[in-house]
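Student: Contents are mmCIF, C-alpha atoms; file name structure.cif:
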data_structure
loop_
_atom_site.label_atom_id
_atom_site.label_comp_id
_atom_site.auth_asym_id
_atom_site.auth_seq_id
_atom_site.Cartn_x
_atom_site.Cartn_y
_atom_site.Cartn_z
CA ASP A 1 -35.76 44.37 -8.65
CA GLN A 2 -32.43 42.61 -8.19
CA GLN A 3 -32.96 38.95 -9.07
CA VAL A 4 -29.34 38.01 -8.44
CA LYS A 5 -27.68 39.24 -5.27
CA GLN A 6 -24.14 39.23 -4.02
CA ASN A 7 -24.43 40.50 -0.48
CA SER A 8 -20.72 40.76 0.28
CA PRO A 9 -19.17 43.71 -1.56
CA SER A 10 -15.67 42.65 -0.57
CA LEU A 11 -13.66 39.74 0.78
CA SER A 12 -10.03 39.43 1.91
CA VAL A 13 -8.25 36.08 2.09
CA GLN A 14 -4.69 34.99 2.81
CA GLU A 15 -2.76 33.44 -0.05
CA GLY A 16 -3.10 29.66 -0.01
CA ARG A 17 -6.41 29.70 1.84
CA ILE A 18 -9.87 29.06 0.43
CA SER A 19 -11.96 31.93 -0.96
CA ILE A 20 -15.73 31.46 -0.87
CA LEU A 21 -17.89 33.87 -2.83
CA ASN A 22 -21.64 33.68 -2.44
CA CYS A 23 -24.59 34.48 -4.64
CA ASP A 24 -28.35 34.28 -4.04
CA TYR A 25 -31.15 34.44 -6.55
CA THR A 26 -34.89 34.86 -6.37
CA ASN A 27 -36.20 33.54 -9.69
CA SER A 28 -36.96 29.81 -9.52
CA MET A 29 -36.92 29.68 -13.34
CA PHE A 30 -33.16 30.27 -13.46
CA ASP A 31 -31.48 27.10 -14.72
CA TYR A 32 -28.03 28.23 -15.84
CA PHE A 33 -25.49 30.04 -13.70
CA LEU A 34 -22.10 31.53 -14.48
CA TRP A 35 -19.24 33.24 -12.68
CA TYR A 36 -17.15 35.96 -14.27
CA LYS A 37 -13.96 37.61 -13.08
CA LYS A 38 -13.19 41.25 -13.79
CA TYR A 39 -9.95 43.18 -13.50
CA PRO A 40 -10.01 47.01 -13.45
CA ALA A 41 -10.47 48.66 -16.83
CA GLU A 42 -11.14 45.30 -18.50
CA GLY A 43 -14.30 43.48 -19.42
CA PRO A 44 -15.45 40.47 -17.39
CA THR A 45 -14.01 37.10 -18.37
CA PHE A 46 -15.91 33.85 -18.06
CA LEU A 47 -14.71 31.58 -15.27
CA ILE A 48 -17.05 28.64 -14.73
CA SER A 49 -20.70 27.70 -15.17
CA ILE A 50 -23.21 25.24 -13.81
CA SER A 51 -26.51 23.92 -15.06
CA SER A 52 -29.38 23.32 -12.65
CA ILE A 53 -29.22 19.58 -13.34
CA LYS A 54 -25.96 19.53 -11.38
CA ASP A 55 -25.06 20.62 -7.89
CA LYS A 56 -21.31 20.92 -8.40
CA ASN A 57 -18.91 21.75 -11.19
CA GLU A 58 -15.16 21.82 -10.83
CA ASP A 59 -12.43 23.30 -13.00
CA GLY A 60 -8.96 23.26 -11.52
CA ARG A 61 -8.84 25.51 -8.47
CA PHE A 62 -12.41 26.70 -9.07
CA THR A 63 -15.54 24.88 -7.93
CA VAL A 64 -19.10 26.13 -8.14
CA PHE A 65 -21.78 24.69 -5.88
CA LEU A 66 -25.49 25.07 -6.52
CA ASN A 67 -28.19 24.64 -3.87
CA LYS A 68 -31.47 24.93 -5.74
CA SER A 69 -33.72 24.61 -2.71
CA ALA A 70 -31.95 27.55 -1.07
CA LYS A 71 -31.56 29.43 -4.38
CA HIS A 72 -27.91 29.84 -3.55
CA LEU A 73 -24.65 29.28 -5.35
CA SER A 74 -21.09 29.69 -4.28
CA LEU A 75 -17.68 29.83 -5.92
CA HIS A 76 -14.78 28.22 -4.10
CA ILE A 77 -11.21 29.07 -5.04
CA VAL A 78 -8.55 26.91 -3.48
CA PRO A 79 -5.74 27.61 -3.02
CA SER A 80 -6.22 31.35 -3.46
CA GLN A 81 -3.47 33.23 -5.28
CA PRO A 82 -2.69 36.96 -5.44
CA GLY A 83 -3.59 36.92 -9.15
CA ASP A 84 -7.12 35.95 -8.15
CA SER A 85 -7.63 39.46 -6.75
CA ALA A 86 -10.46 40.84 -8.88
CA VAL A 87 -14.19 41.53 -8.82
CA TYR A 88 -16.31 38.40 -9.23
CA PHE A 89 -19.80 38.53 -10.70
CA CYS A 90 -22.36 35.78 -10.68
CA ALA A 91 -24.98 35.66 -13.41
CA ALA A 92 -28.12 33.63 -14.04
CA SER A 93 -30.37 32.85 -16.95
CA ALA A 94 -33.74 31.19 -17.46
CA ASN A 95 -34.60 29.08 -20.50
CA THR A 96 -37.66 31.29 -21.00
CA GLY A 97 -35.58 34.22 -22.19
CA ASN A 98 -32.27 35.46 -23.51
CA GLN A 99 -31.17 37.71 -20.69
CA PHE A 100 -28.45 37.10 -18.19
CA TYR A 101 -29.02 38.73 -14.81
CA PHE A 102 -25.87 39.82 -13.00
CA GLY A 103 -25.14 40.42 -9.35
CA THR A 104 -23.37 43.56 -8.14
CA GLY A 105 -20.06 41.80 -7.68
CA THR A 106 -17.71 40.87 -4.84
CA SER A 107 -14.22 42.35 -4.76
CA LEU A 108 -11.74 39.66 -3.71
CA THR A 109 -8.33 40.59 -2.35
CA VAL A 110 -5.82 37.80 -1.85
CA ILE A 111 -3.12 38.90 0.55
CA PRO A 112 0.38 37.53 -0.14
CA GLY B 1 -7.93 35.37 -32.47
CA ALA B 2 -9.35 38.84 -31.91
CA GLY B 3 -11.69 39.35 -29.02
CA VAL B 4 -14.62 41.72 -28.73
CA SER B 5 -13.52 45.22 -29.62
CA GLN B 6 -15.25 48.39 -28.40
CA SER B 7 -14.64 51.98 -29.38
CA PRO B 8 -14.05 54.54 -28.16
CA SER B 9 -12.57 53.34 -24.88
CA ASN B 10 -13.42 56.68 -23.27
CA LYS B 11 -15.91 59.35 -24.24
CA VAL B 12 -16.52 62.67 -22.54
CA THR B 13 -19.35 64.79 -23.85
CA GLU B 14 -21.66 67.56 -22.80
CA LYS B 15 -25.17 67.00 -21.58
CA GLY B 16 -27.64 67.09 -24.45
CA LYS B 17 -25.26 65.78 -27.10
CA ASP B 18 -25.75 62.48 -28.94
CA VAL B 19 -23.16 59.71 -28.63
CA GLU B 20 -22.50 56.58 -30.64
CA LEU B 21 -20.69 53.57 -29.20
CA ARG B 22 -19.36 50.78 -31.38
CA CYS B 23 -18.91 47.07 -30.82
CA ASP B 24 -17.08 44.57 -33.03
CA PRO B 25 -18.02 41.08 -31.82
CA ILE B 26 -15.99 37.93 -32.31
CA SER B 27 -16.37 36.69 -35.86
CA GLY B 28 -19.05 34.03 -36.15
CA HIS B 29 -20.76 34.88 -32.87
CA THR B 30 -24.47 35.18 -33.51
CA ALA B 31 -25.47 36.54 -30.10
CA LEU B 32 -24.55 40.09 -29.07
CA TYR B 33 -25.42 41.87 -25.83
CA TRP B 34 -25.09 45.42 -24.56
CA TYR B 35 -24.83 46.09 -20.82
CA ARG B 36 -24.34 49.17 -18.69
CA GLN B 37 -22.43 49.30 -15.42
CA SER B 38 -22.97 52.36 -13.29
CA LEU B 39 -20.68 53.10 -10.35
CA GLY B 40 -21.06 50.45 -7.65
CA GLN B 41 -23.73 48.59 -9.59
CA GLY B 42 -23.89 45.27 -11.37
CA LEU B 43 -24.21 44.81 -15.09
CA GLU B 44 -27.57 46.09 -16.32
CA PHE B 45 -28.89 44.40 -19.44
CA LEU B 46 -29.76 46.80 -22.26
CA ILE B 47 -30.37 44.93 -25.51
CA TYR B 48 -29.75 41.53 -27.14
CA PHE B 49 -29.31 40.58 -30.80
CA GLN B 50 -29.52 36.99 -32.03
CA GLY B 51 -28.83 36.35 -35.69
CA ASN B 52 -31.50 37.86 -37.89
CA SER B 53 -34.20 37.77 -35.22
CA ALA B 54 -35.81 40.94 -33.87
CA PRO B 55 -33.68 42.28 -31.02
CA ASP B 56 -34.77 42.04 -27.39
CA LYS B 57 -34.91 45.71 -26.41
CA SER B 58 -36.56 45.16 -23.04
CA GLY B 59 -33.63 46.57 -21.08
CA LEU B 60 -33.32 49.93 -22.83
CA PRO B 61 -34.01 52.55 -20.12
CA SER B 62 -35.66 55.16 -22.34
CA ASP B 63 -36.45 55.99 -25.94
CA ARG B 64 -33.23 58.04 -26.06
CA PHE B 65 -31.40 54.73 -26.33
CA SER B 66 -31.29 52.71 -29.54
CA ALA B 67 -29.05 50.09 -31.04
CA GLU B 68 -28.57 48.35 -34.32
CA ARG B 69 -26.52 45.49 -35.62
CA THR B 70 -25.59 45.63 -39.27
CA GLY B 71 -25.04 42.48 -41.28
CA GLY B 72 -25.13 40.37 -38.16
CA SER B 73 -21.75 41.73 -37.10
CA VAL B 74 -20.87 45.25 -35.91
CA SER B 75 -23.27 46.90 -33.49
CA THR B 76 -23.72 50.53 -32.51
CA LEU B 77 -25.45 51.83 -29.41
CA THR B 78 -26.75 55.38 -29.76
CA ILE B 79 -27.76 57.63 -26.90
CA GLN B 80 -29.56 60.80 -27.89
CA ARG B 81 -29.75 63.97 -25.80
CA THR B 82 -27.43 62.54 -23.17
CA GLN B 83 -28.14 63.13 -19.49
CA GLN B 84 -25.73 62.99 -16.56
CA GLU B 85 -27.31 59.76 -15.33
CA ASP B 86 -26.16 58.12 -18.58
CA SER B 87 -22.59 58.26 -17.27
CA ALA B 88 -21.45 54.64 -16.94
CA VAL B 89 -19.30 51.97 -18.52
CA TYR B 90 -21.06 50.44 -21.51
CA LEU B 91 -20.04 46.84 -22.15
CA CYS B 92 -20.62 44.74 -25.22
CA ALA B 93 -20.46 40.94 -25.20
CA SER B 94 -20.85 38.22 -27.80
CA SER B 95 -21.31 34.47 -27.71
CA PRO B 96 -21.45 31.76 -30.38
CA ARG B 97 -25.15 31.17 -29.66
CA ALA B 98 -27.75 32.29 -27.16
CA ARG B 99 -27.32 31.37 -23.50
CA GLN B 100 -23.65 30.56 -23.77
CA PRO B 101 -20.79 32.14 -21.81
CA GLN B 102 -20.16 35.60 -23.17
CA HIS B 103 -16.94 37.22 -24.29
CA PHE B 104 -16.84 40.84 -23.19
CA GLY B 105 -15.11 43.84 -24.63
CA ASP B 106 -13.25 46.22 -22.32
CA GLY B 107 -16.11 48.71 -22.44
CA THR B 108 -16.61 52.37 -23.23
CA ARG B 109 -16.41 54.69 -20.23
CA LEU B 110 -18.94 57.44 -20.93
CA SER B 111 -18.85 60.64 -18.92
CA ILE B 112 -21.53 63.29 -19.34
CA LEU B 113 -20.55 66.75 -18.12
#
Would you write the structure of this file as structure tokens?

Tutor:
Amino acid sequence: DQQVKQNSPSLSVQEGRISILNCDYTNSMFDYFLWYKKYPAEGPTFLISISSIKDKNEDGRFTVFLNKSAKHLSLHIVPSQPGDSAVYFCAASANTGNQFYFGTGTSLTVIP
Amino acid sequence: GAGVSQSPSNKVTEKGKDVELRCDPISGHTALYWYRQSLGQGLEFLIYFQGNSAPDKSGLPSDRFSAERTGGSVSTLTIQRTQQEDSAVYLCASSPRARQPQHFGDGTRLSIL
């Protein structure tokens, strides 16, 4: 039972444009959300997080938006750069447990 | 400082053999996680250690899988009588405390022939 879903396996964007990666979740108890970036043959690296008390968190070119009523979050990257080409995972956690639930990832390609 | 270190980086073994995977977390991190990523899948939670508390083993797929964490630092994941469906990348992650962003190792790619 996949509690965190990333329905787009891949996304291609021109350099300089905005990349929007989407993530949906089913568990209403999730209150903490994270995005990770993964290059081939490396482990994921933490990018940005958001708590359910907020609806937006921004860090440089990266912004995460949370829509609790829709159980949806998105990661915006602007402007996109070729070095942003990677697989992006969203993850969620509930304060009732210790687990993080990960989506299946979206492969982003930024075209120079 | 040093990140999370995993060894070996690659392991090829025959079906039925036992394998042991090692994880060295970041010093001082009390939380340690093991995940598995099969081809085309997301990260599947396996087990979680937090300080001296009993580990959360709820993600272990069968009793062939076990893990321990000695002295609150190094962890080993053991798979007994390996099967072909155990082929995956096994990732270890640590964080200073529970429910904080995790630092991942580069994983062990396990291939069962």

Student: Starting from the PyMOL selection byres ((chain A) within 12 of (chain B)), expand the selection into actual residues of this file and give them as a PyMOL selection string.

Tutor: chain A and resi 1-7+9-10+30-51+87-107

Student: With only C-alpha atoms as the basis for distance, which of A:Ile77, A:Ala86, A:Ala70, A:Val64 is at the shortest distance from Glu15 of chain A?

Tutor: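 Of all the options, A:Ile77 lies closest to Glu15 of chain A.
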
Student: To one decimal in Å, tell me the separation between atom CA of Asp24 of chain B and atom CA of Ser75 of chain B.

Tutor: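 The value is 6.6 Å.
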
Student: Can you spell out as a PyMOL selection string the set of residues that the PyMOL selection byres ((chain A and resi 12) around 6) selects in the structure I just provided?

Tutor: chain A and resi 11+13+108-110

Student: Mind checking which residues fall within 10 Å of Leu113 of chain B, counting only C-alpha atoms, ignoring those fewer than 3 positions away in the same chain, and posting them as a short mmCIF file (atom, residue, chain, number, x, y, z; two decimals) with C-alpha atoms, in the frame of the given file?

Tutor:
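Okay, this is what ended up in out.cif:
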data_model
loop_
_atom_site.label_atom_id
_atom_site.label_comp_id
_atom_site.auth_asym_id
_atom_site.auth_seq_id
_atom_site.Cartn_x
_atom_site.Cartn_y
_atom_site.Cartn_z
CA VAL B 12 -16.52 62.67 -22.54
CA THR B 13 -19.35 64.79 -23.85
CA GLU B 14 -21.66 67.56 -22.80
CA LYS B 15 -25.17 67.00 -21.58
CA GLY B 16 -27.64 67.09 -24.45
CA THR B 82 -27.43 62.54 -23.17
CA GLN B 83 -28.14 63.13 -19.49
CA GLN B 84 -25.73 62.99 -16.56
CA SER B 87 -22.59 58.26 -17.27
CA LEU B 110 -18.94 57.44 -20.93
#

Student: Which residues are close to Ser74 of chain A, i.e. within 8 Å by all atoms listed in the file, leaving aside same-chain residues fewer than 6 positions away? Reply as JSON, numbers by chain.

Tutor: {"A": [20, 21, 22, 23, 64, 65, 66]}

Student: In Å to one decimal, how far is atom CA of His29 of chain B from atom CA of Gly60 of chain A?

Tutor: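 Taking atom CA of Gly60 of chain A as the start and atom CA of His29 of chain B as the end point, the length is 27.0 Å.
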
Student: So how many Å separate atom CA of Ser28 of chain A and atom CA of Thr30 of chain B, to one decimal?

Tutor: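 Atom-to-atom, atom CA of Ser28 of chain A and atom CA of Thr30 of chain B are spaced 27.6 Å apart.
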
Student: Mind telling me what the PyMOL selection byres ((chain A and resi 80) around 7) catches here, as a list of chain:residue names?

Tutor: A:Glu15, A:Gly16, A:Arg17, A:Ile18, A:Ser19, A:Ile77, A:Val78, A:Pro79, A:Gln81, A:Pro82, A:Asp84, A:Val110

Student: Which residue out of B:Glu68, B:Tyr35, B:Pro8, B:Ser73 has the minimum interatomic distance to Gly51 of chain B when all atoms listed in the file are used?

Tutor: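 Among the listed residues, B:Ser73 lies closest to Gly51 of chain B.
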